[in-house]
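Asker: Provided below: run-v8.cif, containing mmCIF, C-alpha atoms.
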```
data_work
loop_
_atom_site.label_atom_id
_atom_site.label_comp_id
_atom_site.auth_asym_id
_atom_site.auth_seq_id
_atom_site.Cartn_x
_atom_site.Cartn_y
_atom_site.Cartn_z
CA MET A 1 0.00 0.00 0.00
CA PRO A 2 1.13 3.57 -0.68
CA SER A 3 2.23 5.89 2.10
CA LEU A 4 -0.76 7.24 4.02
CA LYS A 5 1.18 10.45 4.61
CA LYS A 6 1.54 10.98 0.86
CA ILE A 7 -2.10 10.06 0.27
CA SER A 8 -3.19 12.77 2.71
CA LEU A 9 -1.12 15.34 0.81
CA LEU A 10 -2.79 14.58 -2.52
CA PRO A 11 -5.98 16.63 -2.85
CA SER A 12 -9.32 15.01 -3.61
CA LEU A 13 -10.72 16.56 -6.80
CA THR A 14 -14.44 16.62 -7.61
CA LEU A 15 -16.62 17.35 -10.62
CA GLY A 16 -20.35 16.93 -9.99
CA SER A 17 -20.88 13.50 -8.49
CA LEU A 18 -17.41 12.36 -9.57
CA GLU A 19 -14.35 12.41 -7.32
CA THR A 20 -10.76 11.40 -8.04
CA ARG A 21 -8.35 10.30 -5.32
CA LEU A 22 -5.82 7.59 -4.50
CA ALA A 23 -6.92 4.24 -3.12
CA ARG A 24 -6.74 4.36 0.68
CA ASN A 25 -7.18 0.72 1.63
CA PRO A 26 -7.35 -2.84 0.22
CA GLN A 27 -11.08 -2.44 -0.43
CA ASP A 28 -10.41 0.52 -2.74
CA ILE A 29 -7.78 -1.49 -4.64
CA ARG A 30 -10.14 -4.47 -4.94
CA ALA A 31 -12.79 -2.16 -6.43
CA ALA A 32 -10.28 -0.97 -9.04
CA GLN A 33 -9.36 -4.59 -9.81
CA ARG A 34 -13.04 -5.45 -10.30
CA LEU A 35 -13.41 -2.58 -12.77
CA ARG A 36 -10.28 -3.71 -14.63
CA TYR A 37 -11.70 -7.23 -14.89
CA GLU A 38 -15.03 -5.88 -16.13
CA VAL A 39 -13.37 -3.84 -18.89
CA PHE A 40 -10.40 -6.01 -19.92
CA PHE A 41 -11.95 -9.46 -19.62
CA GLY A 42 -15.71 -8.90 -19.76
CA GLU A 43 -15.79 -6.20 -22.43
CA LEU A 44 -12.55 -6.50 -24.43
CA GLY A 45 -12.19 -10.28 -24.31
CA ALA A 46 -8.81 -10.68 -22.64
CA GLU A 47 -7.90 -14.26 -21.74
CA ILE A 48 -8.14 -15.29 -18.09
CA GLU A 49 -4.81 -16.66 -16.85
CA ASN A 50 -6.31 -18.21 -13.72
CA PRO A 51 -9.97 -19.18 -14.33
CA SER A 52 -10.47 -19.96 -10.62
CA ASP A 53 -9.94 -16.28 -9.73
CA THR A 54 -12.81 -14.71 -11.65
CA GLY A 55 -14.01 -11.15 -11.22
CA ILE A 56 -10.61 -9.64 -10.37
CA ASP A 57 -7.71 -8.44 -12.54
CA GLN A 58 -4.53 -8.51 -10.48
CA ASP A 59 -0.80 -9.15 -10.77
CA ILE A 60 2.42 -8.79 -8.77
CA PHE A 61 2.68 -5.06 -9.47
CA ASP A 62 -0.54 -4.10 -7.66
CA ASP A 63 1.05 -4.19 -4.20
CA TYR A 64 3.81 -1.78 -5.27
CA CYS A 65 1.65 0.78 -7.08
CA ASP A 66 -0.54 3.68 -6.11
CA HIS A 67 -4.03 3.32 -7.57
CA LEU A 68 -5.77 6.45 -8.85
CA LEU A 69 -9.56 6.20 -8.77
CA VAL A 70 -12.53 8.06 -10.14
CA ILE A 71 -15.54 7.44 -7.92
CA ASP A 72 -19.21 8.19 -8.60
CA SER A 73 -20.82 9.00 -5.25
CA THR A 74 -24.31 8.16 -6.57
CA LEU A 75 -23.44 4.47 -7.05
CA PRO A 76 -23.37 1.71 -4.40
CA LYS A 77 -19.97 1.75 -2.70
CA GLU A 78 -18.86 -1.66 -3.98
CA ASN A 79 -19.43 -0.53 -7.61
CA SER A 80 -18.60 3.17 -7.27
CA VAL A 81 -15.14 3.10 -8.92
CA VAL A 82 -15.74 4.06 -12.56
CA GLY A 83 -12.18 4.88 -13.66
CA THR A 84 -8.67 3.94 -12.61
CA TYR A 85 -4.95 4.29 -13.40
CA ARG A 86 -2.11 2.38 -11.82
CA LEU A 87 0.93 4.50 -10.89
CA LEU A 88 4.41 3.00 -10.42
CA ARG A 89 7.41 5.13 -9.39
CA ARG A 90 11.08 4.21 -9.69
CA GLN A 91 11.66 3.29 -6.02
CA PRO A 92 8.72 0.85 -5.73
CA ALA A 93 9.62 -0.62 -9.14
CA GLU A 94 13.09 -1.43 -7.79
CA LYS A 95 11.43 -3.43 -5.00
CA VAL A 96 9.40 -5.53 -7.44
CA GLY A 97 12.46 -5.81 -9.71
CA LYS A 98 11.23 -4.07 -12.85
CA PHE A 99 8.63 -1.83 -14.42
CA TYR A 100 5.61 -3.48 -16.07
CA SER A 101 6.63 -2.12 -19.50
CA ALA A 102 9.93 -3.99 -19.35
CA ASP A 103 8.17 -7.22 -20.35
CA GLU A 104 7.66 -5.75 -23.83
CA PHE A 105 10.09 -2.85 -24.20
CA ASP A 106 13.72 -2.05 -23.54
CA ILE A 107 13.30 0.98 -21.29
CA SER A 108 16.99 1.30 -20.36
CA PRO A 109 17.18 4.90 -21.68
CA LEU A 110 14.46 5.85 -19.20
CA LEU A 111 16.17 3.99 -16.36
CA LYS A 112 19.31 6.04 -17.04
CA TYR A 113 17.36 9.29 -16.96
CA PRO A 114 18.49 11.24 -13.86
CA GLY A 115 15.10 12.72 -13.00
CA GLU A 116 11.97 11.14 -11.58
CA ILE A 117 9.90 8.89 -13.84
CA LEU A 118 6.40 7.46 -13.39
CA GLU A 119 4.86 4.49 -15.19
CA LEU A 120 1.14 4.71 -15.98
CA GLY A 121 -0.69 1.44 -16.44
CA ARG A 122 -3.92 -0.54 -16.32
CA SER A 123 -5.94 2.47 -17.44
CA CYS A 124 -9.64 1.80 -17.82
CA VAL A 125 -12.98 3.59 -17.51
CA LYS A 126 -16.44 2.06 -17.12
CA LYS A 127 -18.31 2.04 -20.41
CA ASN A 128 -20.94 4.69 -19.62
CA TYR A 129 -18.31 7.02 -18.10
CA ARG A 130 -15.97 7.45 -21.08
CA THR A 131 -16.62 11.16 -21.15
CA ARG A 132 -14.62 14.36 -20.91
CA PRO A 133 -15.31 14.93 -17.16
CA THR A 134 -14.00 11.46 -16.22
CA MET A 135 -10.84 11.85 -18.29
CA GLN A 136 -10.30 15.38 -16.98
CA LEU A 137 -10.44 14.13 -13.41
CA LEU A 138 -8.03 11.28 -14.13
CA TRP A 139 -5.51 13.65 -15.70
CA GLN A 140 -5.92 16.23 -12.95
CA GLY A 141 -5.19 13.44 -10.47
CA ILE A 142 -2.12 12.33 -12.42
CA ALA A 143 -0.86 15.92 -12.64
CA ALA A 144 -1.32 16.44 -8.90
CA TYR A 145 0.42 13.14 -8.10
CA ALA A 146 3.31 13.91 -10.44
CA SER A 147 3.71 17.34 -8.87
CA LEU A 148 3.76 15.80 -5.37
CA TYR A 149 6.58 13.41 -6.31
CA GLY A 150 8.50 15.75 -8.64
CA ILE A 151 7.94 13.57 -11.70
CA ASP A 152 9.63 14.65 -14.95
CA ILE A 153 8.54 11.93 -17.38
CA LEU A 154 5.40 9.79 -17.58
CA PHE A 155 5.55 6.58 -19.58
CA GLY A 156 3.76 3.30 -20.13
CA CYS A 157 2.13 1.00 -22.64
CA ALA A 158 -0.89 2.05 -24.70
CA SER A 159 -2.84 -0.25 -26.96
CA PHE A 160 -4.62 -0.59 -30.26
CA PRO A 161 -7.42 -3.18 -30.20
CA GLY A 162 -6.66 -6.43 -32.01
CA VAL A 163 -3.57 -8.21 -33.26
CA ASP A 164 -4.21 -7.87 -37.00
CA LEU A 165 -1.36 -5.73 -38.33
CA GLU A 166 -2.88 -4.71 -41.66
CA PRO A 167 -5.38 -2.09 -40.36
CA LEU A 168 -2.73 -0.79 -37.93
CA LYS A 169 -0.03 -0.05 -40.50
CA LYS A 170 -1.19 3.50 -41.23
CA PRO A 171 -1.63 4.68 -37.59
CA LEU A 172 1.63 3.00 -36.51
CA SER A 173 3.51 4.56 -39.41
CA TYR A 174 1.99 7.97 -38.63
CA LEU A 175 3.13 7.77 -35.01
CA PHE A 176 6.63 6.63 -35.98
CA ASN A 177 7.11 9.40 -38.54
CA HIS A 178 5.54 12.26 -36.58
CA HIS A 179 5.80 11.49 -32.85
CA LEU A 180 8.91 9.37 -32.24
CA ALA A 181 10.48 10.03 -28.83
CA PRO A 182 13.94 11.67 -28.58
CA LEU A 183 16.67 9.05 -28.76
CA GLU A 184 17.95 9.73 -25.23
CA ILE A 185 14.66 8.59 -23.65
CA ARG A 186 13.28 6.34 -26.42
CA PRO A 187 12.08 2.84 -25.45
CA ARG A 188 12.43 0.12 -28.05
CA ALA A 189 10.37 -3.03 -28.43
CA LEU A 190 12.27 -6.12 -27.32
CA PRO A 191 13.89 -7.79 -30.38
CA GLU A 192 12.04 -11.07 -30.00
CA LYS A 193 8.67 -9.26 -29.85
CA ARG A 194 9.33 -6.25 -32.08
CA ILE A 195 6.96 -5.24 -34.88
CA ASP A 196 8.24 -2.48 -37.15
CA MET A 197 6.10 0.68 -37.09
CA ASN A 198 7.52 2.35 -40.19
CA PHE A 199 5.58 1.22 -43.26
CA GLU A 200 6.77 3.26 -46.23
CA ASP A 201 3.85 2.19 -48.43
CA GLN A 202 1.39 3.97 -46.10
CA ASP A 203 2.48 7.49 -47.16
CA THR A 204 1.81 9.21 -43.82
CA GLY A 205 4.51 11.86 -44.11
CA SER A 206 2.14 14.58 -45.32
CA LEU A 207 -0.69 13.93 -42.86
CA SER A 208 -1.75 16.88 -40.70
CA LEU A 209 -2.04 16.50 -36.93
CA GLN A 210 -5.82 16.36 -37.18
CA GLU A 211 -5.70 13.70 -39.90
CA GLY A 212 -3.21 11.67 -37.91
CA LEU A 213 -5.21 11.91 -34.70
CA SER A 214 -8.30 10.59 -36.50
CA LEU A 215 -6.45 7.28 -36.99
CA LEU A 216 -5.83 6.72 -33.27
CA PRO A 217 -7.86 5.19 -30.42
CA PRO A 218 -9.09 7.74 -27.82
CA LEU A 219 -6.43 7.09 -25.15
CA ILE A 220 -3.47 7.27 -27.56
CA LYS A 221 -5.04 10.31 -29.20
CA GLY A 222 -5.21 11.99 -25.79
CA TYR A 223 -1.53 11.27 -25.11
CA ILE A 224 -0.48 12.73 -28.47
CA ARG A 225 -2.65 15.82 -28.01
CA THR A 226 -0.88 16.40 -24.70
CA GLY A 227 2.51 16.40 -26.44
CA GLY A 228 3.25 12.70 -26.09
CA PHE A 229 5.88 10.64 -27.91
CA VAL A 230 6.05 6.98 -28.89
CA GLY A 231 8.83 4.42 -28.63
CA ASP A 232 10.28 2.46 -31.52
CA GLY A 233 8.40 -0.72 -32.34
CA ALA A 234 5.08 -2.30 -31.40
CA VAL A 235 4.29 -5.59 -29.66
CA PHE A 236 1.40 -8.03 -30.04
CA ASP A 237 -0.26 -9.04 -26.74
CA PRO A 238 -2.52 -11.99 -27.64
CA SER A 239 -3.70 -12.49 -24.06
CA PHE A 240 -5.27 -9.02 -24.06
CA ASN A 241 -5.99 -9.05 -27.82
CA THR A 242 -4.09 -5.78 -28.28
CA THR A 243 -1.15 -4.30 -30.15
CA ASP A 244 0.94 -2.32 -27.66
CA ILE A 245 3.16 0.71 -28.14
CA SER A 246 5.30 2.64 -25.69
CA ILE A 247 4.09 6.14 -24.79
CA LEU A 248 6.05 8.95 -23.09
CA LEU A 249 5.02 12.38 -21.83
CA ARG A 250 7.10 15.16 -20.36
CA MET A 251 5.38 16.65 -17.34
CA THR A 252 6.09 20.17 -18.61
CA HIS A 253 3.68 19.44 -21.51
CA VAL A 254 1.01 18.08 -19.20
CA THR A 255 1.35 20.97 -16.75
CA HIS A 256 1.21 23.56 -19.53
CA ARG A 257 -1.91 22.06 -21.03
CA TYR A 258 -3.81 21.75 -17.77
CA ASN A 259 -2.72 25.12 -16.41
CA LYS A 260 -3.96 26.68 -19.63
CA HIS A 261 -7.22 24.74 -19.36
CA PHE A 262 -7.80 25.68 -15.69
CA LEU A 263 -6.91 29.34 -16.21
CA GLN A 264 -9.33 29.53 -19.16
CA ASN A 265 -12.09 27.94 -17.08
CA GLN A 266 -11.49 30.46 -14.28
CA LYS A 267 -11.55 33.32 -16.78
CA ASN A 268 -14.84 32.10 -18.28
CA ALA A 269 -16.34 31.75 -14.80
CA SER A 270 -15.41 35.29 -13.71
#
```
For this file, write the structure as structure tokens.
Answerer:
Amino acid sequence: MPSLKKISLLPSLTLGSLETRLARNPQDIRAAQRLRYEVFFGELGAEIENPSDTGIDQDIFDDYCDHLLVIDSTLPKENSVVGTYRLLRRQPAEKVGKFYSADEFDISPLLKYPGEILELGRSCVKKNYRTRPTMQLLWQGIAAYASLYGIDILFGCASFPGVDLEPLKKPLSYLFNHHLAPLEIRPRALPEKRIDMNFEDQDTGSLSLQEGLSLLPPLIKGYIRTGGFVGDGAVFDPSFNTTDISILLRMTHVTHRYNKHFLQNQKNAS
């Protein structure tokens, strides 16, 4: 479990009936795991590794992460978590022995980075809550958490649905040619799992940002809009029926975007 002292320092943020905060106890974490199971296994068709443990998505990383929640106060408590992100810092990752992304990507450039890094993972939102307010609260929570811990770089895996490469060639090529991360922090897909992202026959060099964004799933689109970069190479994950890429964000980009957004909201309200 995360430090209760740190949890108390992170503000609870609200928007209507929605609240975002860190998990405070095992019951909160279990609620996030139930939501993850509902989305990943029930909705998206991921394969269950241990059929005897139904209704919960969990792994060895859960005990070392902080769990960011979005809670709807109008729902019964046991089903009130409608959005979640899993947050893993460098020090806890050293205790578990690795970051989650390391199973698919060589993240050694990030490990050599002298500043603080934060891995984002297991992002999911309940089907009827995939709206702007929910995503705003999640990102406000991430920004507040990153500020609390002095995070410089956010990173993690993001996914395209399916493991059929043909329809993914154009979006992957667009990301490679327009949003490749700087070499000094660039993850690279592990050689034995690597799928090239640069398909010259797709002719994505002249695409505008808006045209490129239209090719992407909502979560990846949101990362790119916030100034995100991608690593080199994609990876098939048959168990989750996804094609994964590595995503990176500099906190200066996130802070600039959300400061601008908040200041504009305050101006409109005055």
Asker: Exactly which residues make up the result of the PyMOL selection byres ((chain A and resi 55) around 8) on this file, given as a ChimeraX atom specification?
Answerer: /A:34,37-38,53-54,56-57
Asker: Would you kindly translate the PyMOL selection byres ((chain A and resi 184-191) around 6) into the concrete residues it picks from this file, as a list of chain:residue names?
Answerer: A:Glu104, A:Phe105, A:Asp106, A:Ile107, A:Pro109, A:Leu110, A:Ala181, A:Pro182, A:Leu183, A:Glu192, A:Lys193, A:Arg194, A:Gly231, A:Asp232, A:Gly233
Asker: Give me the residues near A:Phe99 as a ChimeraX atom specification, where near means some atom within 12 Å (using all atoms listed in the file) and where sequence neighbours in that chain fewer than 3 positions away do not count.
Answerer: /A:60-62,64-65,86-96,102-108,110-111,117-121,155-157
Asker: Could you please determine the separation between atom CA of A:Tyr174 and atom CA of A:Thr242 in Å, to one decimal place?
Answerer: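 Going from atom CA of A:Tyr174 over to atom CA of A:Thr242 covers 18.3 Å.
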Asker: Given the PyMOL selection byres ((chain A and resi 202) around 9) and the file above, list the residues it selects as a PDB file with C-alpha atoms, in the coordinates of the input.
Answerer:
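Now in expr-v1.pdb:
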```
ATOM      1  CA  LYS A 169      -0.030  -0.050 -40.500  1.00  0.00           C
ATOM      2  CA  LYS A 170      -1.190   3.500 -41.230  1.00  0.00           C
ATOM      3  CA  SER A 173       3.510   4.560 -39.410  1.00  0.00           C
ATOM      4  CA  TYR A 174       1.990   7.970 -38.630  1.00  0.00           C
ATOM      5  CA  ASN A 198       7.520   2.350 -40.190  1.00  0.00           C
ATOM      6  CA  PHE A 199       5.580   1.220 -43.260  1.00  0.00           C
ATOM      7  CA  GLU A 200       6.770   3.260 -46.230  1.00  0.00           C
ATOM      8  CA  ASP A 201       3.850   2.190 -48.430  1.00  0.00           C
ATOM      9  CA  ASP A 203       2.480   7.490 -47.160  1.00  0.00           C
ATOM     10  CA  THR A 204       1.810   9.210 -43.820  1.00  0.00           C
ATOM     11  CA  GLY A 205       4.510  11.860 -44.110  1.00  0.00           C
TER      12      GLY A 205
END
```
Asker: Smallest atom-to-atom distance to A:Ile153: which of A:Thr84, A:Gln210, A:Thr74, A:Thr252, using all atoms listed in the file?
Answerer: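 Counting all atoms listed in the file, the residue closest to A:Ile153 is A:Thr252.
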Asker: Could you check the closest approach to A:Gly45 for each of A:Phe240, A:Tyr223, A:Tyr100, A:Tyr85 and tell me which residue wins, using all atoms listed in the file?
Answerer: A:Phe240
